[in-house]
Amino acid sequence: MPIEKSGIGELFHQETKYHRSFSAGEGPRLSYPSSSDKGASSKLRRFPLEPVDRTDGKPIWKTIAERRSLREFARSSLSFEELSQLIWAIQGISARSFGFGLRTAPSAGALYPIETYVVVNWVETLPSGLYHYSVNETELILLKEGRFGSALSRAALEQEWLERASCVFIWTAVIERSKRKYRERAFRYIYMDAGHIGQNLYLAATALGLGCCTVGAFYDEEIDRLIGIDGVKEVSIYLGAVGKIGEY
């Protein structure tokens, strides 16, 4: 009986294994990640995030127990304070070491390849549109104004409930940030990083009494076009919707 040819998933796993012959010292020297140039234009509108509340909220064990994927959202706006709290929870700077910002979600080698975009449908005081989160400046940058919930829903295999969310996070990966140190193994770490961020979103939303659901099923090129990335050097990898709990 002929041996079945391995699929791309099996091939990926085999080709990214570490072996005893591997030397961690090989490859380019590690350097800190460069800052994003998404907000290079001075004409883009910027919205500094609100200070986060680190002193209150549900106990962590209760939050974990209550975490669920919820897809029924009320047509109601998040407050800007709630959105600020969510963003800090997923990728905010929680400490500094030697002048370098350490974030709320772990990242292999502290390289932080994940970029955060937000499609805002209903958030108080914010225009509807597509935003990029500037980590170092702690602000949202409005890349383009308008309603993109419908386009996002179509790109995510017609999952209509995404259009009803107050906001949808889109996470991308700048591959070279991790690959320059970890080479092909970097892809494994990038997906792990995204998973850590997604779970932080779930827990933060639960603690705030909000509904949340992450999504991995979408037409990659359509999401790439929506947020304006090339799909090669920077790729879309994960979505997360948040909204008020209730029927639309």
# chains A, B, ... in the order shown; residues from 1 in each chain; ligands from 1

call {"tool": "closest_atom_pairs", "arguments": {"of": "region 126-215 of chain A", "to": "region 98-121 of chain A", "cutoff": "6 Å", "atoms": "only C-alpha atoms", "output": "CSV"}}
result
residue,atom,partner,partner_atom,distance
A:Ser128,CA,A:Val120,CA,5.1
A:Gly129,CA,A:Val120,CA,5.4
A:Leu130,CA,A:Val119,CA,4.6
A:Tyr131,CA,A:Val118,CA,5.0
A:His132,CA,A:Tyr117,CA,4.4
A:Tyr133,CA,A:Thr116,CA,5.6
A:Ser166,CA,A:Asn121,CA,5.1
A:Cys167,CA,A:Val120,CA,4.5
A:Val168,CA,A:Val119,CA,5.1
A:Phe169,CA,A:Val118,CA,4.5
A:Ile170,CA,A:Tyr117,CA,5.0
A:Trp171,CA,A:Thr116,CA,4.9
A:Thr172,CA,A:Glu115,CA,5.2
A:Ala173,CA,A:Ile114,CA,4.5
A:Val174,CA,A:Pro113,CA,5.1
A:Arg177,CA,A:Pro113,CA,5.5
A:Asp193,CA,A:Ser107,CA,5.4
A:His196,CA,A:Ala105,CA,6.0
A:Ile197,CA,A:Ala105,CA,5.8

call {"tool": "select_by_dssp", "arguments": {"residues": "region 63-244 of chain A", "states": "strand (DSSP E)", "output": "PyMOL selection string"}}
result
chain A and resi 93-97+100-103+114-120+129-134+139-145+167-174+210-215+234-244

call {"tool": "write_last_selection", "arguments": {"atoms": "N, CA and C atoms", "output": "short mmCIF file (atom, residue, chain, number, x, y, z; two decimals), in the first residue's frame"}}
result
data_model
loop_
_atom_site.label_atom_id
_atom_site.label_comp_id
_atom_site.auth_asym_id
_atom_site.auth_seq_id
_atom_site.Cartn_x
_atom_site.Cartn_y
_atom_site.Cartn_z
N ILE A 93 1.46 47.97 27.92
CA ILE A 93 2.75 47.89 28.62
C ILE A 93 2.48 47.86 30.12
N SER A 94 2.92 46.80 30.78
CA SER A 94 2.66 46.61 32.20
C SER A 94 3.88 46.87 33.07
N ALA A 95 5.06 46.92 32.47
CA ALA A 95 6.30 47.19 33.21
C ALA A 95 7.38 47.58 32.22
N ARG A 96 8.46 48.16 32.74
CA ARG A 96 9.59 48.51 31.87
C ARG A 96 10.86 47.95 32.45
N SER A 97 11.71 47.45 31.55
CA SER A 97 12.99 46.89 31.96
C SER A 97 14.06 47.41 31.00
N PHE A 100 12.75 49.14 28.05
CA PHE A 100 11.97 48.37 27.10
C PHE A 100 10.64 47.99 27.72
N GLY A 101 9.53 48.21 27.00
CA GLY A 101 8.21 47.95 27.54
C GLY A 101 7.84 46.48 27.51
N LEU A 102 7.53 45.93 28.67
CA LEU A 102 7.04 44.56 28.78
C LEU A 102 5.52 44.59 28.80
N ARG A 103 4.90 43.66 28.09
CA ARG A 103 3.46 43.74 27.87
C ARG A 103 2.66 42.75 28.72
N ILE A 114 3.03 40.61 17.06
CA ILE A 114 1.60 40.81 16.81
C ILE A 114 1.24 42.30 16.82
N GLU A 115 0.53 42.72 15.78
CA GLU A 115 -0.03 44.07 15.70
C GLU A 115 -1.53 43.99 15.92
N THR A 116 -2.09 45.02 16.55
CA THR A 116 -3.52 45.05 16.85
C THR A 116 -4.22 46.15 16.06
N TYR A 117 -5.26 45.75 15.33
CA TYR A 117 -6.16 46.68 14.65
C TYR A 117 -7.54 46.52 15.29
N VAL A 118 -8.35 47.56 15.22
CA VAL A 118 -9.70 47.48 15.77
C VAL A 118 -10.69 48.07 14.76
N VAL A 119 -11.68 47.27 14.39
CA VAL A 119 -12.81 47.78 13.63
C VAL A 119 -13.86 48.22 14.64
N VAL A 120 -14.10 49.51 14.72
CA VAL A 120 -15.05 50.08 15.68
C VAL A 120 -16.40 50.24 14.99
N GLY A 129 -14.84 53.12 12.35
CA GLY A 129 -13.75 53.02 11.40
C GLY A 129 -12.75 51.95 11.77
N LEU A 130 -11.64 51.96 11.05
CA LEU A 130 -10.54 51.03 11.28
C LEU A 130 -9.41 51.76 11.98
N TYR A 131 -8.95 51.20 13.09
CA TYR A 131 -7.90 51.81 13.90
C TYR A 131 -6.71 50.86 14.04
N HIS A 132 -5.56 51.46 14.29
CA HIS A 132 -4.38 50.69 14.66
C HIS A 132 -3.95 51.13 16.05
N TYR A 133 -3.58 50.14 16.87
CA TYR A 133 -3.14 50.44 18.23
C TYR A 133 -1.63 50.67 18.25
N SER A 134 -1.24 51.86 18.65
CA SER A 134 0.17 52.20 18.81
C SER A 134 0.55 51.92 20.26
N GLU A 139 -2.13 54.83 22.15
CA GLU A 139 -3.19 55.54 21.46
C GLU A 139 -3.71 54.73 20.29
N LEU A 140 -4.94 55.04 19.89
CA LEU A 140 -5.51 54.47 18.68
C LEU A 140 -5.34 55.47 17.54
N ILE A 141 -4.96 54.97 16.38
CA ILE A 141 -4.77 55.81 15.20
C ILE A 141 -5.84 55.45 14.18
N LEU A 142 -6.65 56.40 13.79
CA LEU A 142 -7.72 56.16 12.83
C LEU A 142 -7.14 56.08 11.42
N LEU A 143 -7.12 54.87 10.87
CA LEU A 143 -6.57 54.66 9.53
C LEU A 143 -7.57 55.02 8.44
N LYS A 144 -8.83 54.64 8.66
CA LYS A 144 -9.88 55.04 7.71
C LYS A 144 -11.23 54.99 8.40
N GLU A 145 -12.02 56.01 8.13
CA GLU A 145 -13.31 56.16 8.79
C GLU A 145 -14.40 55.50 7.96
N CYS A 167 -17.14 46.14 18.67
CA CYS A 167 -15.84 46.28 18.01
C CYS A 167 -15.27 44.90 17.72
N VAL A 168 -14.41 44.84 16.73
CA VAL A 168 -13.75 43.59 16.37
C VAL A 168 -12.25 43.85 16.28
N PHE A 169 -11.49 43.12 17.07
CA PHE A 169 -10.03 43.20 17.02
C PHE A 169 -9.53 42.31 15.88
N ILE A 170 -8.55 42.82 15.14
CA ILE A 170 -7.88 42.04 14.10
C ILE A 170 -6.40 42.00 14.46
N TRP A 171 -5.88 40.80 14.62
CA TRP A 171 -4.47 40.65 14.97
C TRP A 171 -3.68 40.16 13.77
N THR A 172 -2.60 40.84 13.49
CA THR A 172 -1.71 40.45 12.41
C THR A 172 -0.34 40.12 13.00
N ALA A 173 0.49 39.50 12.18
CA ALA A 173 1.86 39.20 12.61
C ALA A 173 2.84 39.78 11.60
N VAL A 174 3.83 40.51 12.11
CA VAL A 174 4.96 40.95 11.29
C VAL A 174 6.01 39.85 11.42
N LEU A 210 -18.80 41.83 29.57
CA LEU A 210 -19.03 41.93 28.12
C LEU A 210 -18.96 40.55 27.47
N GLY A 211 -19.58 40.44 26.29
CA GLY A 211 -19.49 39.21 25.52
C GLY A 211 -18.28 39.24 24.61
N CYS A 212 -17.73 38.07 24.33
CA CYS A 212 -16.51 37.98 23.51
C CYS A 212 -16.50 36.66 22.76
N CYS A 213 -15.99 36.68 21.54
CA CYS A 213 -15.77 35.46 20.78
C CYS A 213 -14.64 35.69 19.78
N THR A 214 -13.67 34.79 19.76
CA THR A 214 -12.57 34.90 18.80
C THR A 214 -12.88 34.05 17.57
N VAL A 215 -12.22 34.38 16.46
CA VAL A 215 -12.50 33.76 15.17
C VAL A 215 -11.20 33.47 14.43
N GLU A 234 3.48 41.03 6.48
CA GLU A 234 2.53 41.15 7.59
C GLU A 234 1.27 40.40 7.19
N VAL A 235 0.80 39.50 8.06
CA VAL A 235 -0.31 38.61 7.71
C VAL A 235 -1.39 38.65 8.79
N SER A 236 -2.62 38.49 8.38
CA SER A 236 -3.75 38.41 9.31
C SER A 236 -3.82 37.01 9.89
N ILE A 237 -4.01 36.91 11.22
CA ILE A 237 -4.02 35.58 11.81
C ILE A 237 -5.18 35.31 12.77
N TYR A 238 -5.89 36.34 13.26
CA TYR A 238 -6.86 36.07 14.33
C TYR A 238 -7.79 37.26 14.47
N LEU A 239 -9.05 36.99 14.84
CA LEU A 239 -10.03 38.04 15.09
C LEU A 239 -10.64 37.84 16.48
N GLY A 240 -11.11 38.91 17.07
CA GLY A 240 -11.82 38.82 18.35
C GLY A 240 -12.89 39.88 18.45
N ALA A 241 -14.15 39.44 18.60
CA ALA A 241 -15.28 40.36 18.66
C ALA A 241 -15.72 40.56 20.10
N VAL A 242 -16.11 41.79 20.42
CA VAL A 242 -16.57 42.13 21.78
C VAL A 242 -17.83 43.00 21.66
N GLY A 243 -18.78 42.78 22.55
CA GLY A 243 -19.97 43.61 22.57
C GLY A 243 -20.73 43.45 23.88
N LYS A 244 -21.74 44.28 24.04
CA LYS A 244 -22.61 44.16 25.18
C LYS A 244 -23.45 42.89 25.03
#

call {"tool": "closest_residue", "arguments": {"among": "A:Ser69, A:Ser150, A:Ser6, A:Thr138", "to": "Ile87 (chain A)", "atoms": "only C-alpha atoms"}}
result
A:Thr138

call {"tool": "residues_around", "arguments": {"residues": "Leu49 (chain A)", "least_positions_apart": "2", "cutoff": "12 Å", "atoms": "only C-alpha atoms", "output": "list in words"}}
result
Arg46, Phe47, Pro51, Val52, Ser79, Phe80, Glu81, Glu82, Leu83, Ser84, Gln85, Leu86, Ile87, Trp88, Gly92, Thr125, Leu126, Tyr133, Ser134, Val135, Asn136, Glu137, Thr138, Glu139, Leu140 and Ile141 of chain A

call {"tool": "write_last_selection", "arguments": {"atoms": "N, CA and C atoms", "output": "short mmCIF file (atom, residue, chain, number, x, y, z; two decimals), in the first residue's frame"}}
result
data_model
loop_
_atom_site.label_atom_id
_atom_site.label_comp_id
_atom_site.auth_asym_id
_atom_site.auth_seq_id
_atom_site.Cartn_x
_atom_site.Cartn_y
_atom_site.Cartn_z
N ARG A 46 -5.63 60.80 16.08
CA ARG A 46 -5.13 59.95 17.16
C ARG A 46 -6.01 60.13 18.39
N PHE A 47 -6.21 59.01 19.09
CA PHE A 47 -7.07 59.01 20.26
C PHE A 47 -6.32 58.35 21.42
N PRO A 51 -6.68 56.04 31.08
CA PRO A 51 -5.92 55.26 32.08
C PRO A 51 -6.70 54.03 32.50
N VAL A 52 -6.01 52.93 32.74
CA VAL A 52 -6.68 51.68 33.09
C VAL A 52 -6.86 51.57 34.60
N SER A 79 -18.19 51.86 26.17
CA SER A 79 -17.61 53.15 26.52
C SER A 79 -16.14 53.16 26.06
N PHE A 80 -15.60 54.35 25.88
CA PHE A 80 -14.19 54.44 25.51
C PHE A 80 -13.30 53.89 26.63
N GLU A 81 -13.75 54.04 27.87
CA GLU A 81 -13.01 53.49 29.01
C GLU A 81 -12.96 51.97 28.93
N GLU A 82 -14.06 51.34 28.56
CA GLU A 82 -14.08 49.88 28.42
C GLU A 82 -13.14 49.41 27.32
N LEU A 83 -13.18 50.11 26.18
CA LEU A 83 -12.28 49.75 25.09
C LEU A 83 -10.82 49.93 25.51
N SER A 84 -10.52 51.01 26.22
CA SER A 84 -9.15 51.24 26.69
C SER A 84 -8.70 50.11 27.61
N GLN A 85 -9.60 49.67 28.48
CA GLN A 85 -9.27 48.59 29.41
C GLN A 85 -8.99 47.29 28.65
N LEU A 86 -9.79 46.99 27.64
CA LEU A 86 -9.58 45.79 26.83
C LEU A 86 -8.24 45.83 26.12
N ILE A 87 -7.92 46.96 25.53
CA ILE A 87 -6.67 47.07 24.77
C ILE A 87 -5.47 46.92 25.69
N TRP A 88 -5.53 47.53 26.87
CA TRP A 88 -4.42 47.37 27.80
C TRP A 88 -4.26 45.90 28.20
N GLY A 92 -1.11 45.93 26.39
CA GLY A 92 -0.61 47.12 27.05
C GLY A 92 0.74 46.89 27.71
N THR A 125 -17.82 58.12 21.76
CA THR A 125 -16.84 59.19 21.47
C THR A 125 -15.88 58.85 20.34
N LEU A 126 -15.93 57.64 19.80
CA LEU A 126 -15.05 57.27 18.70
C LEU A 126 -15.83 57.20 17.39
N TYR A 133 -3.58 50.14 16.87
CA TYR A 133 -3.14 50.44 18.23
C TYR A 133 -1.63 50.67 18.25
N SER A 134 -1.24 51.86 18.65
CA SER A 134 0.17 52.20 18.81
C SER A 134 0.55 51.92 20.26
N VAL A 135 1.32 50.85 20.47
CA VAL A 135 1.62 50.39 21.82
C VAL A 135 2.43 51.42 22.60
N ASN A 136 3.51 51.90 22.01
CA ASN A 136 4.41 52.81 22.74
C ASN A 136 3.76 54.15 23.06
N GLU A 137 2.88 54.62 22.17
CA GLU A 137 2.21 55.91 22.41
C GLU A 137 0.90 55.74 23.16
N THR A 138 0.45 54.52 23.35
CA THR A 138 -0.81 54.21 24.05
C THR A 138 -1.97 54.99 23.44
N GLU A 139 -2.13 54.83 22.15
CA GLU A 139 -3.19 55.54 21.46
C GLU A 139 -3.71 54.73 20.29
N LEU A 140 -4.94 55.04 19.89
CA LEU A 140 -5.51 54.47 18.68
C LEU A 140 -5.34 55.47 17.54
N ILE A 141 -4.96 54.97 16.38
CA ILE A 141 -4.77 55.81 15.20
C ILE A 141 -5.84 55.45 14.18
#

call {"tool": "closest_residue", "arguments": {"among": "A:Val232, A:Ile60, A:Ala74, A:Ala165", "to": "Glu247 (chain A)", "atoms": "only C-alpha atoms"}}
result
A:Ala74

call {"tool": "closest_residue", "arguments": {"among": "A:His13, A:Arg154, A:Arg183, A:Leu70", "to": "Glu222 (chain A)", "atoms": "only C-alpha atoms"}}
result
A:Arg154

call {"tool": "select_by_dssp", "arguments": {"residues": "region 129-215 of chain A", "states": "alpha helix (DSSP H)", "output": "number ranges by chain"}}
result
A: 149-155, 161-164, 175-182, 186-207

call {"tool": "residues_around", "arguments": {"residues": "Trp61 (chain A)", "least_positions_apart": "5", "cutoff": "12 Å", "atoms": "only C-alpha atoms", "output": "MDAnalysis selection string"}}
result
chainID A and resid 66:67 203 206:207

call {"tool": "write_last_selection", "arguments": {"atoms": "C-alpha atoms", "output": "mmCIF file, in the first residue's frame"}}
result
data_model
loop_
_atom_site.group_PDB
_atom_site.id
_atom_site.type_symbol
_atom_site.label_atom_id
_atom_site.label_comp_id
_atom_site.auth_asym_id
_atom_site.auth_seq_id
_atom_site.Cartn_x
_atom_site.Cartn_y
_atom_site.Cartn_z
ATOM 1 C CA GLU A 66 -17.368 32.408 33.667
ATOM 2 C CA ARG A 67 -15.415 32.740 30.419
ATOM 3 C CA LEU A 203 -10.787 37.296 30.412
ATOM 4 C CA THR A 206 -15.629 38.639 31.054
ATOM 5 C CA ALA A 207 -14.330 40.743 33.942
#

call {"tool": "closest_residue", "arguments": {"among": "A:Thr16, A:Leu226, A:Arg68, A:Ala204", "to": "Phe148 (chain A)", "atoms": "only C-alpha atoms"}}
result
A:Leu226

call {"tool": "atom_distance", "arguments": {"atom1": "CA of Ile245 (chain A)", "atom2": "CA of Lys58 (chain A)"}}
result
16.9 Å
